[in-house]
Structure formats: C-alpha cells, structure tokens
Amino acid sequence: MSASDLPILLPAYGEILLLVLASAILLVDLFLPERLRGLTHWLSLATLAACFVLTVQVVRATGGQAAYTFGGMFVADLMANVLKLVVYAAVAAVLVYSRRYLAERGMLRGEFFVLALFATLGMAVMISANHMLALYLGLELMSLCVYSMVALNRDSATSTEAAMKYFVLGALASGLLLYGMSMLYGATGTLDLTQMAQVIAVGQVNGVVLVFGLVFVVAGLSFKLGVVPFHMWIPDVYHGAPNAMTLFISTAPKLAAFAMAVRMLVNGLIDLAGDWQQMLVVMAVLSMALGNFAAIAQTNIKRMLAYSTISHMGFMLLGLLAGVVGGNRFSAPDAYSAAMFYTVVYVLMSLGSFGMVLALSRAGFEAEELDDYRGLNQRDPWLAFLMLLLMFALAGVPPTVGFYAKLAVIDAVIKAGQIWLAVVAVLLSLVGAFYYLRVVKLMYFDEPRDAGPIAPGRDVRWLLSANGLAMLVLGVMPGSLMALCLVAVQGLYPLAR
Amino acid sequence: MTIELLVFYVFAALLAFAGLRVITARNPVHAALFLVLAFFTAAAIWMLLRAEFLAIALVLVYVGAVMVLFLFVVMMLDINLDRLREGFWRYLPLGAAVGVLVVFEMALVVVAKYYASGTLPMPADPGPGYSNTKALGRLLYTDYVYPFELAAVLLLVAIVAAIALTMRRRKDTKYQDPARQAAVKRRDRVRLVSMPAEKKE
Amino acid sequence: MLENYFPVLMFIAVGLVLGGVLLAVGRILAPHKPDPKKLSPYECGFEAFEDARMKFDVRYYLVAILFILFDLEIAFLFPWAVVIPDIGFFGYAAMMVFLAILVVGFVYEWKKGALEWE
C-alpha cells in the first residue's frame, strides 16, 4: 500500500465531521460545570447544522452523482444525501423539542446529546452503506445508542423495562439479519451490494439458499421498520420510554430503516423482487390492519401513535412493493420515490405530534392520556390548530400533505396492477382516520380536564408552528419535494439509465 | 486427514453436548460454565477450519472476558431457580415449534445441493508457513478500514452507554483518597502548643 | 498450518487424561463414607443462614464491561502488530485513528471516575 491508496474522503465529509464533533462534545461536556449544560445543547445543534451545510456542499461537489469510497462500501448518491439532510434536520428538531422536558426531569445530561449524535452517525452510515458489513455496523451503532437513551432515566422501572424489551428483541432481529446476510454471502460470495446484484443478475446462484437468506434479511428489516409480524416492541417501547426518547425513536430512525430497506432490497436484491414483494404484501396488509384497529382501542396517545406508526410503515411498504411488475422496472422510480416521500412526510408528522406531547407536558405531568387533550382549543387555540393540522395529515385529509403522500403511494400500487391492494389500503386508512379525528373532536368539542399552564417556550412554539404549517404548505405544493425524491431514487444504482 | 476428521467429530460432539447442557442445567452457574466449554470447543473447530486468529480471539475475548461478565451477571441477578422454571411447559409448544422450524430451515440449506459436502472443493493446505492472522491483518487495516473504524466508534459508544447507565456516586462509602493522604504535611496533623508548667494543687 | 497446533492438541489431551486419572484414582483409592452431617454446608458451626448466592454490586459489572471493551481493542491490535511491515503508513494511520477514537472513550471514563473504586 502507498499513500496514493488513501480512499477519497470527500463523499464522507459529513460523517467524518459528525464523528469528530460528537467526540469533541463528549469531552467538552465532561469539563463543563452543571449550570453550563445548555452549552452542550447548542453545540449539538451547531454540529448538526455544520453537517447539514457540509452535506449540501458534498452534493454540490459531486454534482448529485453517486460517489463511492472506502472500496465501494460507502456510497453518497443523491438519495443518501437527501435522506441525511432530513435526518440532521429531524434530530435537530428533536433536540429543540425535548430540551425543556429533559431539564425538568433531571435528564439533561451530556450523554443524551452525545448518544443522539452518535445515533445520527449510525443512521448516516446506514443510509450510505453499499456493503452489508457497513450496513450492519451502522445499524448496531444506531441501535446501541437508542437502547441506552431509552434506559437513560435509570430510576424509572417502565423505561428500564422498555429498554430491556427493545434490546432483547433488537438483538434477536440483528441475529436474524446476520444469519440472512451470511446465507446471502454463502450464495453469492460477496457482501458488497453492487457486486451481489451483479452476481445474482448473471444467474448461476442457488435459489434455495438465496431465498432463505432473503427471508431472514426481510425479517430483520421488518423488525427495524416495526411492521407486523415483528411489531411487538413498538407499543411497549413507545409507551415506556420517556417522551423525549419516544420522539427520537419515532422519527429519524425510520428514515434510516427506509434507507436500509432500499439498499438491501433494491440495490442488492432487485432481481429477487418477485420473492420479496410477496413478503412485503403480507406484511403491509397485516400492519395496516393491526395498526389501525389496535389504535382505536388506545386511551394513551403515545400508544395510539405507536400503533399508528405500525400502520404508516405498512403503508410505506406498499410503495416499495409496487416497483417491479413482472420483471419490469419501468415504474420503479415512481413507486420508490412515493415510498421515500411517504417516509419523509411521516417523519415530519411524527415529529410534530410527539413534539406536541412534549410541549404540553410540564414538570411532574406527562400529557400522555387522550383525556389530557380535551378542550385544548380553549386553553391554547394556536397549539390546538397545529395539532389539528398534524392529525389531519396523519389521517390523510386533504389539503394536508398526508393526503398527497397516501395518494402517491396508492397511485403507484394501482399502476402496478394491484387494484385489490389499493382498495384494502384505502379502506384501512378510513378506519385509521377515526382515531385521529377523535383527537380533534376532543380538542375542539370537549371541556378541558386539565387546567395546568401551557408554556412550551418560544423556540418550541416557533418550531412547532413551522412543523404544523409545513403539513399545509407541503400539502398545497408537494411538487418540489416529490421531484427531489424522484431524482434521488433515479440515481440509485439499479435504476440509473 | 483422518486424524483431523476424528478430532473434528470429538469436538463437535463435545460442542453439541455443552450446548445442550447450557440450556438444561438447573444451576445457572453450571450453565455458564458449560457455555465456556462450548466456546472452547467452538474455538477448536474454528482452528480446524484454519481460522487461527479467530479461534484465539474467541478464547481470549469470549472465554476470558465475556464469560466473566456472564458469571457476574448470573451472580448479580440472584436468580430464583423455581421462578425461572415457571411457565416452562406453557411456552414449550411454541418454543419447540420455532426450534423445529429453524432446524428444518437449516437442514434444507445444509442438505441442499449447493452446500452438501463434496460439492465445494476443499481449500488446499497452504503449508506450515502460512499465517491466517497475517492474511486477516492485510485486509482489515486496508480494504476494510471503514468497518474497522466503525468498530472503534461502536466501542466508544459502548463505553459511554455503560458508564451512563451504571455509574452512580455512592454517598455512604468510606473512601480514602491516596493523593490527599500522601499530601498531608506534619502541620496538618500535629500542633505543638507551648504551655506554661502548672503547679500541682 | 494445523500441524503447528499439534502440541496444543496433545496438551489438551494430556490435561484431560491426567485430570481424569487423578480424580478417578482419588475416587477409587480414598475411603468414601459420606453421611448427612459430612455433606451439609458448614458455616462456623451453625446451620447455613442463607443461600450461598448473593447479590453483587453493579459496580463489578461496570469494571467487567470496561474490561471487555478494552480487551476487544487489544484483539484488534494483534493482527496489526503482525502485519505492520506489509500495510505501510496507511495501515499505521488506520490504527492510530482507531486508538484515537478509543482514547476519547478512555478520557471520558477516567474523568467520570469510572476507574475509581471508592
């Protein structure tokens, strides 16, 4: 080896900066006195902002072309960069929303910010992985941070239990994933996703081994996405974790899980689409059914939103499974971009609705029960209006962006010729609309039960307003985001012309 | 070749026995010790596969460190054996079903034509001078440098998480600070007081 | 390659045989007359008060897990030390970055006081 073999670092500048700054924050926080803890918060936000800007610069420098480095293990294509930008923004929003909540509960420790930043790094690694080893390491990096964030409130038995469940089931899913990866490696002789796709395309690969590997990989994947039948952890973890951690796990990791699904299934295994699309059909239908029906029975808003996550992820899968029709990839960019658009929009909706839970909580009080939202309109009309927008978006009511996201996915499903699947999806979304609109009814037509002060702080109020209004603005003008998703997906290796 | 095969079967039988005892042993400490045996025999099998570095790492890391942690945890938990066995029969059907399914799937893969013994050529013995560790090292620090650095980040996160979750300052400990002990000067401890002699009454 | 490890196999075999023989000899030759009093656990002449297993402080766990983490780090150093003439400056730098990341963790645990046994 000589110096000329040094890998090109440019595509990975964002990750390198994130690693360096997160380590620096870890050290700086050690030497900060307790009263300056807020500085860690601002440093973390500055780090995310810097990574955001740098990633934009990387896109400029590469001209949106896919750039590979580290021996092809790392890819910075447009999809990766766009998803990373959304992840940085989402994590920054999480930090802003949760600061007061954590401070009031004595959890505003430097470790929270450092773990959040390292989890972000893990997500970025996952999003940019073009090699199963890198994908797995990114996944573990993210998961390890998230497990410990859930358990960070050590004196709470429910958080510890949630963390324990999350960890044990997560370890099981990682085991399934690794088992699947090792079978795929055995069948194709490579872990590099690009090479794997080439080996499979040539043929000469044992189908049985490949399909068994695929089954295990999809099982591991569906755990991370939280879709039926690997959804059991979602309600318990969402419910048991402190609200700030619930906000975190329900947002940015979904983008990483989406990227992981695309990297594995589309980049690596698109020639097996006939096999994995069938699995996704089953998982999508079951998730939408279970998520929407179980959410109706909930009285706790965190649990309700947890079941809603399951149904939304099921809906997102509809986009992924509509890409390849009879071995034909012509409609794939439309379908995958619809799924990507749906995921990004879901993350925005989830940020807003869990952010609202945090904004209404105060010291010694968690706004977790649906009853706590009764008469919110009389107590704070603006927040009630924002929550109305968010609930409408989650339900898919026009003109909010939730409607457009659902429309794009269903359009892709119909184009793929799966009419019955589209009908089922629409019917189950109607079921789902019931419990979102119930929240709206509670806010506007019931008398308040809770008379405590609502003081979310100015920064949170501004951010929540932006977040809620984005539902409306994106709903009226979805074109640019949709176009961005389409260009991003068209840059994927197997779809590039 | 035949000796190698014989050694393999001995270790494989031991491994299967140890694995079985891990889950059937009544005493959790015994189960943990059987797990040590399982790791040892697995290391021996890896050695037979010519993965010498991995075999030694398995002994060093798993037997040396991970199992110590296991034993600590087993002791720390103060497990009530009877409560542990509660619901064994209730969960048995589901567990057995999953187990049979996994065995079936593995059998399907192992017996399938692709992996059946004899279809893949036996790698040639590279001779006594060959070092598996070197081959691994040449790849790990150059071609696989990206996962290698990610592993460092994972270890860093593990350090942070372990400390954040288990470190507590205890207030009731009688802790002696050696630095302060060593820094003590005579005047901190002894005070010479000059007193006028007093008469006895 | 495997013949290099033949002494290890012999060592294991001899160890097993010797250990088994010694136990068997003791079993066969020594007098063996158990009675309930001989077999009962002994605690300063009293009946045993409680189970021998007791709860450990969680601090032991912290020490053990930090040991594992640095043990793993050492495991990465072995192959590096073997191949350092072959991998040149790049491989050297790769390990330095690896160690630098872990030094951050080391500083953290030192400053936090996780290495102190108060």
# chains A, B, ... in the order shown; residues from 1 in each chain; ligands from 1

call {"tool": "interface_residues", "arguments": {"of": "chain C", "to": "chain B", "cutoff": "9 Å", "atoms": "only C-alpha atoms", "output": "ChimeraX atom specification"}}
result
/C:1-5,53-62,64-73,75-76,78-84,86-87,90-92,94-95,97-99,101-106,108-109,112-114,117-118

call {"tool": "write_last_selection", "arguments": {"atoms": "C-alpha atoms", "output": "compact mmCIF listing (two decimals), in the first residue's frame"}}
result
# COMPACT_ATOMS: atom_id res chain seq x y z
CA MET C 1 -0.68 -24.84 9.25
CA LEU C 2 -2.60 -27.12 11.56
CA GLU C 3 0.48 -29.15 12.43
CA ASN C 4 1.76 -26.05 14.27
CA TYR C 5 -1.06 -26.59 16.71
CA ARG C 53 -25.53 -16.88 46.11
CA MET C 54 -25.84 -13.23 46.94
CA LYS C 55 -26.31 -10.05 45.01
CA PHE C 56 -23.20 -8.32 43.72
CA ASP C 57 -22.81 -4.60 43.47
CA VAL C 58 -23.47 -3.27 39.98
CA ARG C 59 -20.00 -1.71 40.06
CA TYR C 60 -18.44 -5.09 39.37
CA TYR C 61 -20.44 -5.16 36.18
CA LEU C 62 -19.06 -1.79 35.10
CA ALA C 64 -16.15 -6.17 33.77
CA ILE C 65 -17.73 -4.45 30.79
CA LEU C 66 -14.97 -1.87 30.53
CA PHE C 67 -12.52 -4.74 30.65
CA ILE C 68 -14.29 -6.46 27.76
CA LEU C 69 -14.26 -3.30 25.68
CA PHE C 70 -10.54 -2.77 26.07
CA ASP C 71 -9.94 -6.48 25.63
CA LEU C 72 -11.63 -6.22 22.25
CA GLU C 73 -9.47 -3.25 21.40
CA ALA C 75 -7.75 -8.15 20.00
CA PHE C 76 -7.65 -5.70 17.08
CA PHE C 78 -2.70 -8.40 17.45
CA PRO C 79 -3.09 -8.81 13.68
CA TRP C 80 -1.99 -5.23 13.20
CA ALA C 81 1.26 -5.89 15.01
CA VAL C 82 1.85 -8.97 12.85
CA VAL C 83 1.35 -7.25 9.50
CA ILE C 84 2.65 -3.77 10.15
CA ASP C 86 3.16 -5.02 4.93
CA ILE C 87 0.47 -2.40 5.36
CA PHE C 90 -1.87 3.73 5.67
CA GLY C 91 -2.36 0.77 7.96
CA TYR C 92 -0.41 2.53 10.67
CA ALA C 94 -5.75 3.44 10.38
CA MET C 95 -4.79 2.03 13.75
CA VAL C 97 -7.38 6.73 14.19
CA PHE C 98 -8.87 3.65 15.85
CA LEU C 99 -6.87 4.28 19.00
CA ILE C 101 -11.38 7.24 18.98
CA LEU C 102 -10.91 4.90 21.90
CA VAL C 103 -8.73 7.38 23.76
CA VAL C 104 -11.73 9.70 23.71
CA GLY C 105 -13.66 6.97 25.49
CA PHE C 106 -10.79 6.44 27.89
CA TYR C 108 -14.37 10.06 29.32
CA GLU C 109 -14.32 7.13 31.69
CA LYS C 112 -16.20 10.40 35.02
CA GLY C 113 -14.49 8.42 37.76
CA ALA C 114 -15.50 5.03 36.42
CA TRP C 117 -13.15 2.21 43.33
CA GLU C 118 -14.43 4.45 46.02

call {"tool": "interface_residues", "arguments": {"of": "chain A", "to": "chain B", "cutoff": "10 Å", "atoms": "only C-alpha atoms", "output": "ChimeraX atom specification"}}
result
/A:1,5-7,19,23,26,69-74,109-112,114-115,118-119,121-122,125,131,133-138,140-142,144-149,151-154,183,186-187,205-210,212-213

call {"tool": "atom_distance", "arguments": {"atom1": "atom CA of Gln418 of chain A", "atom2": "atom CA of Ala322 of chain A"}}
result
8.2 Å

call {"tool": "select_by_dssp", "arguments": {"residues": "segment 14-174 of chain B", "states": "alpha helix (DSSP H)", "output": "ChimeraX atom specification"}}
result
/B:14-24,28-48,52-57,67-77,81-85,88-111,132-140,145-166

call {"tool": "residues_around", "arguments": {"residues": "Leu428 of chain A", "least_positions_apart": "6", "cutoff": "12 Å", "atoms": "only C-alpha atoms", "output": "list in words"}}
result
Ala284, Val285, Leu286, Ser287, Met288, Ala289, Leu290, Gly291, Asn292, Phe293, Ala294, Ala295, Ser308, Ser311, His312, Gly314, Phe315, Ala395, Gly396, Lys406, Leu421, Ala422, Phe434 and Tyr435 of chain A

call {"tool": "write_last_selection", "arguments": {"atoms": "C-alpha atoms", "output": "PDB file, in the first residue's frame"}}
result
ATOM      1  CA  ALA A 284     -48.077  -4.328   4.596  1.00  0.00           C
ATOM      2  CA  VAL A 285     -51.664  -5.577   4.767  1.00  0.00           C
ATOM      3  CA  LEU A 286     -51.257  -7.051   8.245  1.00  0.00           C
ATOM      4  CA  SER A 287     -49.525  -3.913   9.540  1.00  0.00           C
ATOM      5  CA  MET A 288     -52.181  -1.573   8.240  1.00  0.00           C
ATOM      6  CA  ALA A 289     -54.945  -3.756   9.640  1.00  0.00           C
ATOM      7  CA  LEU A 290     -53.437  -4.359  13.052  1.00  0.00           C
ATOM      8  CA  GLY A 291     -52.064  -0.845  13.477  1.00  0.00           C
ATOM      9  CA  ASN A 292     -55.294   0.904  12.608  1.00  0.00           C
ATOM     10  CA  PHE A 293     -57.657  -1.368  14.533  1.00  0.00           C
ATOM     11  CA  ALA A 294     -55.496  -1.592  17.663  1.00  0.00           C
ATOM     12  CA  ALA A 295     -55.001   2.180  17.731  1.00  0.00           C
ATOM     13  CA  SER A 308     -50.299   4.454  14.030  1.00  0.00           C
ATOM     14  CA  SER A 311     -49.873   1.206  10.090  1.00  0.00           C
ATOM     15  CA  HIS A 312     -47.902   4.023   8.430  1.00  0.00           C
ATOM     16  CA  GLY A 314     -47.127  -0.781   6.413  1.00  0.00           C
ATOM     17  CA  PHE A 315     -48.458   1.868   4.060  1.00  0.00           C
ATOM     18  CA  ALA A 395     -55.275  10.738   8.768  1.00  0.00           C
ATOM     19  CA  GLY A 396     -54.632  11.771   5.182  1.00  0.00           C
ATOM     20  CA  LYS A 406     -51.060   8.454   0.518  1.00  0.00           C
ATOM     21  CA  LEU A 421     -54.305  -3.913  -2.536  1.00  0.00           C
ATOM     22  CA  ALA A 422     -55.128  -0.271  -3.229  1.00  0.00           C
ATOM     23  CA  PHE A 434     -61.409   7.593  13.027  1.00  0.00           C
ATOM     24  CA  TYR A 435     -58.934   7.765  15.862  1.00  0.00           C
TER      25      TYR A 435
END

call {"tool": "residues_around", "arguments": {"residues": "segment 447-450 of chain A", "least_positions_apart": "4", "cutoff": "9 Å", "atoms": "only C-alpha atoms", "output": "JSON, numbers by chain"}}
result
{"A": [371, 372, 373, 374, 375, 376, 377, 378, 379, 442, 443]}

call {"tool": "residues_around", "arguments": {"residues": "segment 41-43 of chain B", "least_positions_apart": "6", "cutoff": "6 Å", "atoms": "only C-alpha atoms", "output": "list in words"}}
result
Phe11, Leu15 and Ala55 of chain B

call {"tool": "closest_residue", "arguments": {"among": "A:Leu407, A:Val401, A:Val20, A:Ala412", "to": "chain C", "atoms": "only C-alpha atoms"}}
result
A:Val20

call {"tool": "residues_around", "arguments": {"residues": "Leu108 of chain A", "least_positions_apart": "2", "cutoff": "10 Å", "atoms": "only C-alpha atoms", "output": "PDB file with N, CA and C atoms, in the first residue's frame"}}
result
ATOM      1  N   GLU A  34     -22.198  22.125  35.883  1.00  0.00           N
ATOM      2  CA  GLU A  34     -23.597  21.754  35.692  1.00  0.00           C
ATOM      3  C   GLU A  34     -24.436  22.899  35.132  1.00  0.00           C
ATOM      4  N   ARG A  37     -24.756  23.367  31.276  1.00  0.00           N
ATOM      5  CA  ARG A  37     -25.165  22.200  30.498  1.00  0.00           C
ATOM      6  C   ARG A  37     -25.841  22.617  29.191  1.00  0.00           C
ATOM      7  N   GLY A  38     -26.506  23.787  29.198  1.00  0.00           N
ATOM      8  CA  GLY A  38     -27.183  24.270  27.992  1.00  0.00           C
ATOM      9  C   GLY A  38     -26.226  24.423  26.828  1.00  0.00           C
ATOM     10  N   THR A  40     -23.946  22.405  25.879  1.00  0.00           N
ATOM     11  CA  THR A  40     -23.890  21.144  25.137  1.00  0.00           C
ATOM     12  C   THR A  40     -25.019  21.078  24.113  1.00  0.00           C
ATOM     13  N   HIS A  41     -26.195  21.554  24.544  1.00  0.00           N
ATOM     14  CA  HIS A  41     -27.353  21.587  23.648  1.00  0.00           C
ATOM     15  C   HIS A  41     -27.044  22.415  22.408  1.00  0.00           C
ATOM     16  N   SER A  98     -37.097  18.547  22.913  1.00  0.00           N
ATOM     17  CA  SER A  98     -37.002  17.786  24.159  1.00  0.00           C
ATOM     18  C   SER A  98     -36.183  18.479  25.238  1.00  0.00           C
ATOM     19  N   ARG A  99     -35.592  19.626  24.937  1.00  0.00           N
ATOM     20  CA  ARG A  99     -34.688  20.220  25.914  1.00  0.00           C
ATOM     21  C   ARG A  99     -35.375  20.524  27.249  1.00  0.00           C
ATOM     22  N   ARG A 100     -36.494  21.255  27.178  1.00  0.00           N
ATOM     23  CA  ARG A 100     -37.161  21.647  28.423  1.00  0.00           C
ATOM     24  C   ARG A 100     -37.672  20.412  29.166  1.00  0.00           C
ATOM     25  N   TYR A 101     -38.209  19.474  28.395  1.00  0.00           N
ATOM     26  CA  TYR A 101     -38.737  18.245  29.004  1.00  0.00           C
ATOM     27  C   TYR A 101     -37.648  17.529  29.798  1.00  0.00           C
ATOM     28  N   LEU A 102     -36.472  17.416  29.195  1.00  0.00           N
ATOM     29  CA  LEU A 102     -35.384  16.702  29.865  1.00  0.00           C
ATOM     30  C   LEU A 102     -34.894  17.480  31.074  1.00  0.00           C
ATOM     31  N   ALA A 103     -34.804  18.810  30.909  1.00  0.00           N
ATOM     32  CA  ALA A 103     -34.291  19.622  32.017  1.00  0.00           C
ATOM     33  C   ALA A 103     -35.209  19.502  33.229  1.00  0.00           C
ATOM     34  N   GLU A 104     -36.520  19.472  32.985  1.00  0.00           N
ATOM     35  CA  GLU A 104     -37.462  19.397  34.102  1.00  0.00           C
ATOM     36  C   GLU A 104     -37.411  18.062  34.821  1.00  0.00           C
ATOM     37  N   ARG A 105     -36.888  17.048  34.145  1.00  0.00           N
ATOM     38  CA  ARG A 105     -36.841  15.717  34.756  1.00  0.00           C
ATOM     39  C   ARG A 105     -35.441  15.279  35.128  1.00  0.00           C
ATOM     40  N   GLY A 106     -34.507  16.205  35.127  1.00  0.00           N
ATOM     41  CA  GLY A 106     -33.146  15.883  35.534  1.00  0.00           C
ATOM     42  C   GLY A 106     -32.431  14.966  34.575  1.00  0.00           C
ATOM     43  N   GLY A 110     -25.115  15.379  29.438  1.00  0.00           N
ATOM     44  CA  GLY A 110     -24.335  15.406  28.204  1.00  0.00           C
ATOM     45  C   GLY A 110     -24.464  14.127  27.415  1.00  0.00           C
ATOM     46  N   GLU A 111     -24.648  13.012  28.135  1.00  0.00           N
ATOM     47  CA  GLU A 111     -24.732  11.715  27.455  1.00  0.00           C
ATOM     48  C   GLU A 111     -25.901  11.680  26.489  1.00  0.00           C
ATOM     49  N   PHE A 112     -27.001  12.343  26.846  1.00  0.00           N
ATOM     50  CA  PHE A 112     -28.157  12.328  25.940  1.00  0.00           C
ATOM     51  C   PHE A 112     -27.769  12.881  24.583  1.00  0.00           C
ATOM     52  N   PHE A 113     -27.111  14.042  24.597  1.00  0.00           N
ATOM     53  CA  PHE A 113     -26.754  14.683  23.323  1.00  0.00           C
ATOM     54  C   PHE A 113     -25.730  13.859  22.574  1.00  0.00           C
TER      55      PHE A 113
END

call {"tool": "select_by_dssp", "arguments": {"residues": "segment 48-123 of chain A", "states": "strand (DSSP E)", "output": "PyMOL selection string"}}
result
chain A and resi 67-69+74-76

call {"tool": "closest_residue", "arguments": {"among": "C:Trp110, C:Cys44, C:Met96, C:Gly88", "to": "chain A", "atoms": "only C-alpha atoms"}}
result
C:Gly88
